[in-house]
file my_file33.txt (compact mmCIF, C-alpha atoms)
# COMPACT_ATOMS: atom_id res chain seq x y z
CA MET A 300 -121.48 -47.61 90.40
CA GLU A 301 -122.91 -50.67 88.63
CA THR A 302 -125.65 -48.56 87.01
CA THR A 303 -123.09 -46.03 85.77
CA LYS A 304 -120.91 -48.80 84.37
CA LYS A 305 -123.91 -50.32 82.57
CA PHE A 306 -124.86 -46.92 81.14
CA TRP A 307 -121.40 -46.23 79.71
CA SER A 308 -121.17 -49.79 78.41
CA GLY A 309 -124.47 -49.19 76.62
CA ILE A 310 -123.11 -45.95 75.16
CA ALA A 311 -119.99 -47.75 73.88
CA ILE A 312 -122.05 -50.58 72.37
CA GLY A 313 -124.36 -48.04 70.71
CA VAL A 314 -121.46 -46.08 69.26
CA LEU A 315 -119.91 -49.27 67.87
CA GLY A 316 -123.21 -50.30 66.33
CA ILE A 317 -123.76 -46.91 64.71
CA VAL A 318 -120.20 -46.77 63.35
CA LEU A 319 -120.56 -50.25 61.85
CA PHE A 320 -123.89 -49.30 60.28
CA SER A 321 -122.27 -46.15 58.88
CA SER A 322 -119.45 -48.14 57.30
CA LYS A 323 -121.88 -49.73 54.82
CA ALA A 324 -121.93 -46.74 52.47
CA VAL A 325 -118.14 -46.55 52.45
CA MET A 326 -117.75 -50.25 51.65
CA VAL A 327 -120.35 -50.04 48.87
CA LYS A 328 -118.41 -47.14 47.32
CA LEU A 329 -115.21 -49.18 47.59
CA ALA A 330 -116.91 -52.10 45.82
CA TYR A 331 -117.95 -49.82 42.94
CA GLN A 332 -114.27 -49.27 42.20
CA TYR A 333 -114.15 -52.88 40.92
CA GLN A 334 -116.77 -52.43 38.16
CA VAL A 335 -119.65 -54.12 39.97
CA ASP A 336 -123.25 -53.01 39.57
CA SER A 337 -125.70 -52.16 42.36
CA ILE A 338 -127.77 -55.34 42.28
CA SER A 339 -124.68 -57.57 42.32
CA ILE A 340 -123.22 -56.06 45.48
CA LEU A 341 -126.69 -56.03 47.07
CA PHE A 342 -127.04 -59.70 46.08
CA LEU A 343 -123.78 -60.53 47.85
CA ARG A 344 -124.89 -58.62 50.94
CA MET A 345 -128.12 -60.60 51.15
CA LEU A 346 -126.46 -63.90 50.21
CA PHE A 347 -123.99 -63.66 53.10
CA SER A 348 -126.67 -62.34 55.50
CA PHE A 349 -129.17 -65.05 54.61
CA PRO A 350 -127.78 -67.91 56.78
CA PHE A 351 -127.69 -65.68 59.88
CA TYR A 352 -131.35 -64.70 59.53
CA VAL A 353 -132.39 -68.28 58.78
CA VAL A 354 -130.81 -69.38 62.08
CA ILE A 355 -132.38 -66.44 63.96
CA ALA A 356 -135.82 -67.15 62.49
CA TYR A 357 -135.49 -70.83 63.42
CA VAL A 358 -134.37 -70.12 67.00
CA TYR A 359 -137.21 -67.65 67.59
CA ARG A 360 -139.89 -69.59 65.68
CA ASN A 361 -141.76 -70.68 68.83
CA LYS A 362 -141.35 -67.48 70.83
CA THR A 363 -144.65 -65.68 71.19
CA SER A 364 -145.76 -62.37 72.61
CA GLY A 365 -149.17 -63.63 73.65
CA ILE A 366 -150.88 -61.66 70.88
CA GLU A 367 -152.67 -63.69 68.23
CA ILE A 368 -150.94 -63.76 64.84
CA LYS A 369 -153.32 -64.07 61.90
CA ASN A 370 -152.55 -65.37 58.41
CA THR A 371 -152.96 -61.84 57.03
CA ASP A 372 -150.17 -60.68 59.36
CA TYR A 373 -147.72 -62.87 57.44
CA ILE A 374 -148.87 -61.24 54.20
CA TRP A 375 -148.09 -57.86 55.73
CA VAL A 376 -144.64 -59.12 56.77
CA ILE A 377 -143.99 -59.94 53.12
CA CYS A 378 -145.17 -56.46 52.07
CA PHE A 379 -143.00 -54.66 54.62
CA GLY A 380 -140.00 -56.87 53.90
CA LEU A 381 -140.41 -55.90 50.25
CA VAL A 382 -140.66 -52.17 50.98
CA GLY A 383 -138.44 -51.72 54.01
CA TYR A 384 -135.41 -53.87 53.31
CA TYR A 385 -135.50 -54.69 49.60
CA LEU A 386 -136.56 -51.40 47.99
CA ALA A 387 -134.91 -49.19 50.61
CA SER A 388 -131.61 -51.05 50.22
CA TYR A 389 -131.77 -51.12 46.44
CA PHE A 390 -132.50 -47.38 46.16
CA ASP A 391 -129.68 -46.70 48.61
CA PHE A 392 -127.14 -48.78 46.66
CA VAL A 393 -128.15 -47.16 43.36
CA GLY A 394 -127.92 -43.66 44.83
CA LEU A 395 -124.41 -44.35 46.10
CA LYS A 396 -123.22 -44.66 42.51
CA TYR A 397 -123.82 -40.94 42.03
CA ILE A 398 -123.13 -39.14 45.32
CA LYS A 399 -120.62 -39.20 48.15
CA ALA A 400 -121.02 -41.69 50.99
CA SER A 401 -120.98 -38.73 53.39
CA LEU A 402 -124.00 -37.08 51.74
CA GLU A 403 -125.82 -40.40 51.52
CA ARG A 404 -125.73 -40.76 55.30
CA ILE A 405 -126.84 -37.17 55.82
CA ILE A 406 -129.88 -37.62 53.55
CA LEU A 407 -130.81 -41.00 55.04
CA PHE A 408 -130.61 -39.49 58.51
CA ILE A 409 -133.81 -37.52 57.87
CA TYR A 410 -136.02 -40.63 57.89
CA PRO A 411 -137.45 -39.79 61.38
CA THR A 412 -138.92 -36.59 59.94
CA ILE A 413 -140.51 -38.60 57.11
CA VAL A 414 -142.02 -40.96 59.71
CA ILE A 415 -143.67 -37.98 61.43
CA LEU A 416 -144.97 -36.61 58.12
CA LEU A 417 -146.38 -40.01 57.09
CA ASN A 418 -148.05 -40.38 60.48
CA ARG A 419 -149.64 -36.98 59.93
CA VAL A 420 -150.93 -37.88 56.47
CA PHE A 421 -152.12 -41.46 57.05
CA LEU A 422 -152.70 -41.70 60.80
CA LYS A 423 -153.81 -38.08 61.34
CA GLN A 424 -151.28 -37.54 64.13
CA THR A 425 -150.63 -33.89 64.92
CA ILE A 426 -147.22 -32.30 64.44
CA SER A 427 -146.11 -30.16 67.37
CA LYS A 428 -144.42 -26.80 66.95
CA ILE A 429 -141.14 -28.29 68.17
CA GLN A 430 -141.40 -31.10 65.62
CA ALA A 431 -142.21 -28.61 62.86
CA VAL A 432 -139.17 -26.50 63.73
CA ALA A 433 -136.91 -29.57 63.89
CA ILE A 434 -138.22 -30.83 60.54
CA GLY A 435 -137.67 -27.42 58.99
CA LEU A 436 -134.11 -27.32 60.31
CA THR A 437 -133.24 -30.74 58.90
CA TYR A 438 -134.48 -29.88 55.42
CA ILE A 439 -132.69 -26.55 55.45
CA GLY A 440 -129.53 -28.47 56.33
CA ILE A 441 -130.11 -30.91 53.46
CA ILE A 442 -130.63 -28.04 51.00
CA ILE A 443 -127.43 -26.35 52.15
CA ALA A 444 -125.33 -29.52 51.95
CA PHE A 445 -126.83 -30.79 48.72
CA SER A 446 -126.88 -27.55 46.76
CA ASP A 447 -123.15 -27.17 47.25
CA GLU A 448 -122.63 -30.73 46.00
CA VAL A 449 -124.57 -30.00 42.80
CA SER A 450 -122.22 -27.11 42.04
CA ILE A 451 -119.27 -29.51 42.46
CA SER A 452 -120.47 -32.82 40.98
CA GLY A 453 -123.03 -31.62 38.46
CA HIS A 454 -126.54 -32.86 37.77
CA GLU A 455 -125.72 -36.50 38.57
CA ALA A 456 -125.94 -35.42 42.19
CA TYR A 457 -129.67 -34.81 41.68
CA LEU A 458 -130.13 -38.42 40.52
CA GLY A 459 -128.15 -39.82 43.43
CA GLY A 460 -129.95 -37.62 45.94
CA PHE A 461 -133.31 -38.66 44.49
CA PHE A 462 -132.58 -42.37 44.96
CA ILE A 463 -131.28 -41.85 48.52
CA LEU A 464 -134.41 -39.86 49.32
CA LEU A 465 -136.51 -42.73 47.94
CA SER A 466 -134.57 -45.04 50.23
CA ALA A 467 -135.35 -42.85 53.24
CA ILE A 468 -139.05 -42.66 52.26
CA THR A 469 -139.43 -46.43 51.77
CA TYR A 470 -137.64 -47.18 55.04
CA ALA A 471 -139.81 -44.65 56.88
CA SER A 472 -142.89 -46.25 55.29
CA TYR A 473 -141.73 -49.60 56.62
CA LEU A 474 -141.34 -48.17 60.14
CA VAL A 475 -144.79 -46.57 60.07
CA GLY A 476 -146.57 -49.58 58.60
CA SER A 477 -144.86 -52.31 60.61
CA GLY A 478 -145.36 -50.66 64.00
CA TRP A 479 -148.50 -52.68 64.71
CA LEU A 480 -146.88 -55.99 63.63
CA ILE A 481 -143.73 -55.84 65.77
CA PRO A 482 -145.61 -56.30 69.11
CA LYS A 483 -147.18 -59.46 67.67
CA PHE A 484 -143.98 -61.10 66.43
CA GLY A 485 -141.36 -59.45 68.62
CA VAL A 486 -138.52 -57.27 67.29
CA VAL A 487 -135.99 -60.04 66.58
CA LYS A 488 -138.46 -62.46 65.00
CA PHE A 489 -140.12 -59.78 62.86
CA THR A 490 -136.77 -58.40 61.68
CA ALA A 491 -135.53 -61.88 60.75
CA TYR A 492 -138.70 -62.63 58.78
CA ALA A 493 -138.65 -59.27 57.00
CA MET A 494 -134.97 -59.69 56.13
CA LEU A 495 -135.60 -63.16 54.72
CA VAL A 496 -138.34 -61.72 52.50
CA SER A 497 -135.91 -59.04 51.37
CA CYS A 498 -133.26 -61.67 50.61
CA PHE A 499 -135.63 -63.59 48.35
CA CYS A 500 -136.67 -60.36 46.59
CA VAL A 501 -133.03 -59.52 45.90
CA PHE A 502 -132.31 -63.08 44.70
CA ILE A 503 -135.23 -62.87 42.24
CA HIS A 504 -134.18 -59.37 41.10
CA TYR A 505 -130.64 -60.55 40.48
CA GLY A 506 -131.86 -63.65 38.65
CA VAL A 507 -133.94 -61.51 36.29
CA ASN A 508 -131.74 -58.44 35.78
CA GLY A 509 -128.28 -59.28 37.11
CA ALA A 510 -125.77 -57.97 34.58
CA ASN A 511 -122.66 -59.51 36.11
CA ASP A 512 -121.81 -63.20 36.43
CA ILE A 513 -121.71 -63.63 40.20
CA PHE A 514 -118.81 -66.09 39.86
CA SER A 515 -116.63 -63.76 37.80
CA LEU A 516 -116.26 -60.84 40.22
CA SER A 517 -112.95 -59.88 41.78
CA TRP A 518 -112.08 -61.28 45.20
CA GLN A 519 -112.23 -57.77 46.66
CA VAL A 520 -115.94 -57.55 45.80
CA TYR A 521 -116.68 -60.86 47.54
CA GLY A 522 -114.73 -59.70 50.57
CA LEU A 523 -116.56 -56.38 50.71
CA GLY A 524 -119.92 -58.14 50.22
CA PHE A 525 -119.17 -60.35 53.22
CA LEU A 526 -118.06 -57.41 55.35
CA ILE A 527 -121.19 -55.43 54.43
CA ALA A 528 -123.40 -58.40 55.33
CA VAL A 529 -121.80 -59.31 58.64
CA PHE A 530 -120.23 -56.13 60.01
CA ALA A 531 -122.55 -53.49 58.50
CA THR A 532 -125.85 -55.40 58.67
CA VAL A 533 -126.17 -58.36 61.06
CA ILE A 534 -123.86 -57.41 63.96
CA PRO A 535 -124.84 -53.72 64.28
CA SER A 536 -128.56 -54.55 64.22
CA PHE A 537 -128.13 -56.51 67.46
CA LEU A 538 -125.67 -54.01 68.98
CA VAL A 539 -128.16 -51.19 68.48
CA SER A 540 -131.00 -53.22 70.02
CA LEU A 541 -128.82 -54.07 73.03
CA SER A 542 -127.74 -50.45 73.43
CA ILE A 543 -131.34 -49.19 73.41
CA LYS A 544 -132.21 -51.79 76.05
CA MET A 545 -129.30 -50.65 78.26
CA ILE A 546 -129.53 -46.85 77.97
CA SER A 547 -133.11 -46.19 76.68
CA SER A 548 -134.15 -44.98 73.25
CA SER A 549 -134.02 -41.30 74.27
CA ASN A 550 -130.34 -41.55 75.17
CA PHE A 551 -129.68 -43.61 72.06
CA ALA A 552 -131.14 -40.75 69.99
CA ILE A 553 -128.13 -38.70 71.06
CA VAL A 554 -125.71 -41.54 70.27
CA ALA A 555 -127.29 -41.94 66.80
CA GLY A 556 -126.12 -38.44 65.94
CA ILE A 557 -122.63 -39.89 65.51
CA GLY A 558 -123.83 -41.77 62.38
CA PRO A 559 -123.32 -39.05 59.75
CA ILE A 560 -120.15 -37.87 61.50
CA SER A 561 -118.62 -41.37 61.47
CA THR A 562 -119.52 -41.80 57.79
CA ILE A 563 -117.85 -38.48 56.96
CA LEU A 564 -114.69 -39.57 58.81
CA LEU A 565 -114.64 -43.08 57.29
CA ALA A 566 -115.25 -41.67 53.80
CA SER A 567 -112.41 -39.21 54.32
CA ILE A 568 -110.03 -42.00 55.38
CA PHE A 569 -110.95 -44.75 52.90
CA LEU A 570 -112.42 -42.83 49.95
CA ASN A 571 -110.52 -39.55 50.22
CA GLU A 572 -113.86 -37.70 50.21
CA ARG A 573 -113.88 -34.10 51.35
CA LEU A 574 -116.88 -32.04 52.34
CA THR A 575 -116.95 -28.30 51.84
CA PHE A 576 -117.56 -25.93 54.73
CA LEU A 577 -121.18 -25.46 53.59
CA GLN A 578 -121.74 -29.22 53.45
CA ILE A 579 -120.34 -29.69 56.95
CA PHE A 580 -122.50 -26.81 58.17
CA GLY A 581 -125.58 -28.37 56.56
CA ALA A 582 -124.74 -31.76 58.08
CA LEU A 583 -124.50 -30.28 61.56
CA ILE A 584 -127.91 -28.62 61.12
CA VAL A 585 -129.45 -31.94 60.05
CA ILE A 586 -127.89 -33.80 63.00
CA ALA A 587 -128.98 -31.13 65.49
CA GLY A 588 -132.55 -31.14 64.16
CA ILE A 589 -132.97 -34.93 64.24
CA VAL A 590 -131.37 -35.40 67.67
CA PHE A 591 -133.40 -32.56 69.19
CA MET A 592 -136.64 -33.90 67.72
CA SER A 593 -135.91 -37.47 68.85
CA ILE A 594 -135.13 -36.38 72.42
CA ARG A 595 -138.29 -34.25 72.64
CA ASN A 596 -140.40 -37.11 71.29
CA GLN A 597 -139.04 -39.45 73.96
CA GLN A 598 -139.63 -36.88 76.70
CA LYS A 599 -143.28 -36.58 75.57
CA THR A 600 -143.79 -40.33 75.70
call {"tool": "encode", "arguments": {"input": "my_file33.txt", "output": "structure tokens"}}
result
Amino acid sequence: METTKKFWSGIAIGVLGIVLFSSKAVMVKLAYQYQVDSISILFLRMLFSFPFYVVIAYVYRNKTSGIEIKNTDYIWVICFGLVGYYLASYFDFVGLKYIKASLERIILFIYPTIVILLNRVFLKQTISKIQAVAIGLTYIGIIIAFSDEVSISGHEAYLGGFFILLSAITYASYLVGSGWLIPKFGVVKFTAYAMLVSCFCVFIHYGVNGANDIFSLSWQVYGLGFLIAVFATVIPSFLVSLSIKMISSSNFAIVAGIGPISTILLASIFLNERLTFLQIFGALIVIAGIVFMSIRNQQKT
């Protein structure tokens, strides 16, 4: 009975974490209604997140995994913080200016397939037939969903889709490259360090190219920036980690499939976005492909 209760609690925590993560795209789109540019809203996200990650990094500063950490490892942390959380976030925020929040989540959801492809290219890992089929399914789903959007929104959809795809690629690159560093630092410590690097990158970017005066934005933008930082960044990152610990990563792979669905529902409620039948069909294909591939990968390991 206790094990069953823990399992369903883990499911509920995972669902909450995924829904909060999915709300980010919707809140960014809401912020764009107040004439704010991409780097300004990203700056606010990192500004409000910064104190949380400083505290986390300080608390975990002396925790060790028993594996020696070299000076070069810190250089790699800087590199992966730059790629995984700065560039990936920036590309994502820019792409959201041109496409629906619903489609953004569908495209981002393919990052596990990009991880497998990068592992094949750089680490020479083989791709199984099941993985190949799942990857093929996800990209067919993307083509179906995206091609219908182009016919509705015009060629700007290509630009938005391109930036979201860049976001997925950079985030996947971060996952592939940082895999050997996480055991050395630990998940929480590494994430806090990488996020702090990303914060500084965004601060520098805003200082150089920020078009808006950060003190002249509407109160709604500040509110949304805070909500994105706390409820769509910091809190869900820990909820997801806790859920994986409670129910295992293979079960969480199924829970993660609710991500695009929750974004579609939230975008429908708060942004009045509507997906066509073909887009919904494409989204379901993408979700099915990713979930199936993730479960099979966990069964193999």
call {"tool": "residues_around", "arguments": {"input": "my_file33.txt", "residues": "Tyr333 in chain A", "least_positions_apart": "4", "cutoff": "9 Å", "atoms": "all atoms listed in the file", "output": "list of chain:residue names"}}
result
A:Leu329, A:Leu516, A:Ser517, A:Gln519, A:Val520
call {"tool": "closest_residue", "arguments": {"input": "my_file33.txt", "among": "A:Leu495, A:Leu538, A:Ile586, A:Met545", "to": "Ile409 in chain A", "atoms": "all atoms listed in the file"}}
result
A:Ile586
call {"tool": "residues_around", "arguments": {"input": "my_file33.txt", "residues": "Gly581 in chain A", "least_positions_apart": "6", "cutoff": "7 Å", "atoms": "all atoms listed in the file", "output": "PDB file with C-alpha atoms, keeping the file's coordinate frame"}}
result
ATOM      1  CA  GLY A 440    -129.530 -28.470  56.330  1.00  0.00           C
ATOM      2  CA  ILE A 441    -130.110 -30.910  53.460  1.00  0.00           C
ATOM      3  CA  ILE A 443    -127.430 -26.350  52.150  1.00  0.00           C
ATOM      4  CA  ALA A 444    -125.330 -29.520  51.950  1.00  0.00           C
TER       5      ALA A 444
END
call {"tool": "closest_residue", "arguments": {"input": "my_file33.txt", "among": "A:Gly476, A:Gly383, A:Pro350, A:Gly558", "to": "Phe421 in chain A", "atoms": "all atoms listed in the file"}}
result
A:Gly476
call {"tool": "atom_distance", "arguments": {"input": "my_file33.txt", "atom1": "CA of Phe499 in chain A", "atom2": "CA of Tyr357 in chain A"}}
result
16.7 Å
call {"tool": "atom_distance", "arguments": {"input": "my_file33.txt", "atom1": "CA of Asn511 in chain A", "atom2": "CA of Leu523 in chain A"}}
result
16.1 Å
call {"tool": "residues_around", "arguments": {"input": "my_file33.txt", "residues": "Tyr385 in chain A", "least_positions_apart": "6", "cutoff": "7 Å", "atoms": "all atoms listed in the file", "output": "PyMOL selection string"}}
result
chain A and resi 497+500-501
call {"tool": "atom_distance", "arguments": {"input": "my_file33.txt", "atom1": "CA of Gly524 in chain A", "atom2": "CA of Arg344 in chain A"}}
result
5.0 Å
call {"tool": "residues_near_point", "arguments": {"input": "my_file33.txt", "point": "(-134.4, -50.3, 49.8)", "cutoff": "12 Å", "atoms": "only C-alpha atoms", "output": "PyMOL selection string"}}
result
chain A and resi 337-338+341+379-394+407+462-473+494+497-498+500-501
call {"tool": "axis_aligned_box", "arguments": {"input": "my_file33.txt", "around": "range 576-589 of chain A", "padding_each_side": "5 Å", "output": "AutoDock Vina command-line options"}}
result
--center_x -125.3 --center_y -30.2 --center_z 59.5 --size_x 25.4 --size_y 19.5 --size_z 22.0
call {"tool": "residues_around", "arguments": {"input": "my_file33.txt", "residues": "Lys544 in chain A", "least_positions_apart": "6", "cutoff": "12 Å", "atoms": "all atoms listed in the file", "output": "PyMOL selection string"}}
result
chain A and resi 305-306+308-310+312-313+537-538+550-551
call {"tool": "closest_atom_pairs", "arguments": {"input": "my_file33.txt", "of": "range 354-466 of chain A", "to": "range 481-486 of chain A", "cutoff": "10 Å", "atoms": "only C-alpha atoms", "output": "Markdown table"}}
result
| residue | atom | partner | partner_atom | distance |
| --- | --- | --- | --- | --- |
| A:Tyr359 | CA | A:Gly485 | CA | 9.2 |
| A:Arg360 | CA | A:Phe484 | CA | 9.5 |
| A:Lys362 | CA | A:Phe484 | CA | 8.2 |
| A:Thr363 | CA | A:Phe484 | CA | 6.6 |
| A:Ser364 | CA | A:Lys483 | CA | 5.9 |
| A:Gly365 | CA | A:Lys483 | CA | 7.6 |
| A:Ile366 | CA | A:Lys483 | CA | 5.4 |
| A:Glu367 | CA | A:Lys483 | CA | 7.0 |
| A:Ile368 | CA | A:Lys483 | CA | 6.4 |
| A:Lys369 | CA | A:Lys483 | CA | 9.6 |
| A:Asp372 | CA | A:Lys483 | CA | 8.9 |
| A:Tyr373 | CA | A:Phe484 | CA | 9.9 |
| A:Val376 | CA | A:Ile481 | CA | 9.6 |
call {"tool": "closest_residue", "arguments": {"input": "my_file33.txt", "among": "A:Ser542, A:Ser515, A:Thr490, A:Ser401", "to": "Asn571 in chain A", "atoms": "all atoms listed in the file"}}
result
A:Ser401
call {"tool": "closest_residue", "arguments": {"input": "my_file33.txt", "among": "A:Phe445, A:Ile546, A:Phe580, A:Val590", "to": "Thr303 in chain A", "atoms": "only C-alpha atoms"}}
result
A:Ile546
call {"tool": "closest_residue", "arguments": {"input": "my_file33.txt", "among": "A:Val358, A:Thr371, A:Val529, A:Leu402", "to": "Glu572 in chain A", "atoms": "all atoms listed in the file"}}
result
A:Leu402
call {"tool": "closest_residue", "arguments": {"input": "my_file33.txt", "among": "A:Phe320, A:Phe514, A:Tyr492, A:Phe461", "to": "Phe351 in chain A", "atoms": "all atoms listed in the file"}}
result
A:Tyr492
call {"tool": "residues_around", "arguments": {"input": "my_file33.txt", "residues": "Tyr438 in chain A", "least_positions_apart": "3", "cutoff": "12 Å", "atoms": "all atoms listed in the file", "output": "VMD selection string"}}
result
chain A and resid 405 to 413 431 to 435 441 to 446 464 581 to 589
call {"tool": "decode", "arguments": {"input": "my_file33.txt", "residues": "range 455-501 of chain A", "atoms": "C-alpha atoms", "output": "compact mmCIF listing (two decimals), in the first residue's frame"}}
result
# COMPACT_ATOMS: atom_id res chain seq x y z
CA GLU A 455 7.30 33.49 -40.65
CA ALA A 456 6.50 30.02 -39.35
CA TYR A 457 9.68 28.76 -41.03
CA LEU A 458 11.75 31.31 -39.09
CA GLY A 459 10.09 30.46 -35.79
CA GLY A 460 10.42 26.73 -36.40
CA PHE A 461 14.09 27.16 -37.30
CA PHE A 462 14.88 28.92 -34.01
CA ILE A 463 12.95 26.35 -31.96
CA LEU A 464 14.82 23.57 -33.75
CA LEU A 465 18.10 25.33 -32.91
CA SER A 466 16.95 25.41 -29.29
CA ALA A 467 16.29 21.67 -29.34
CA ILE A 468 19.68 20.99 -30.98
CA THR A 469 21.64 23.12 -28.51
CA TYR A 470 19.84 21.60 -25.53
CA ALA A 471 20.46 18.09 -26.87
CA SER A 472 24.14 19.01 -27.36
CA TYR A 473 24.26 20.07 -23.73
CA LEU A 474 22.78 16.75 -22.61
CA VAL A 475 25.23 14.73 -24.71
CA GLY A 476 28.30 16.75 -23.74
CA SER A 477 27.56 17.17 -20.04
CA GLY A 478 26.81 13.50 -19.37
CA TRP A 479 30.35 12.81 -18.17
CA LEU A 480 30.43 15.91 -15.91
CA ILE A 481 27.20 15.31 -13.97
CA PRO A 482 28.56 12.24 -12.07
CA LYS A 483 31.49 14.38 -10.91
CA PHE A 484 29.48 17.35 -9.63
CA GLY A 485 26.11 15.76 -8.93
CA VAL A 486 22.87 16.74 -10.70
CA VAL A 487 21.85 19.61 -8.40
CA LYS A 488 25.30 21.17 -8.12
CA PHE A 489 26.02 20.89 -11.84
CA THR A 490 22.64 22.34 -12.79
CA ALA A 491 23.09 25.27 -10.39
CA TYR A 492 26.56 26.03 -11.78
CA ALA A 493 25.40 25.76 -15.40
CA MET A 494 22.41 28.00 -14.70
CA LEU A 495 24.62 30.62 -13.07
CA VAL A 496 26.84 30.64 -16.16
CA SER A 497 23.73 31.06 -18.29
CA CYS A 498 22.54 33.94 -16.09
CA PHE A 499 25.81 35.82 -16.57
CA CYS A 500 25.69 35.19 -20.35
CA VAL A 501 22.19 36.64 -20.51
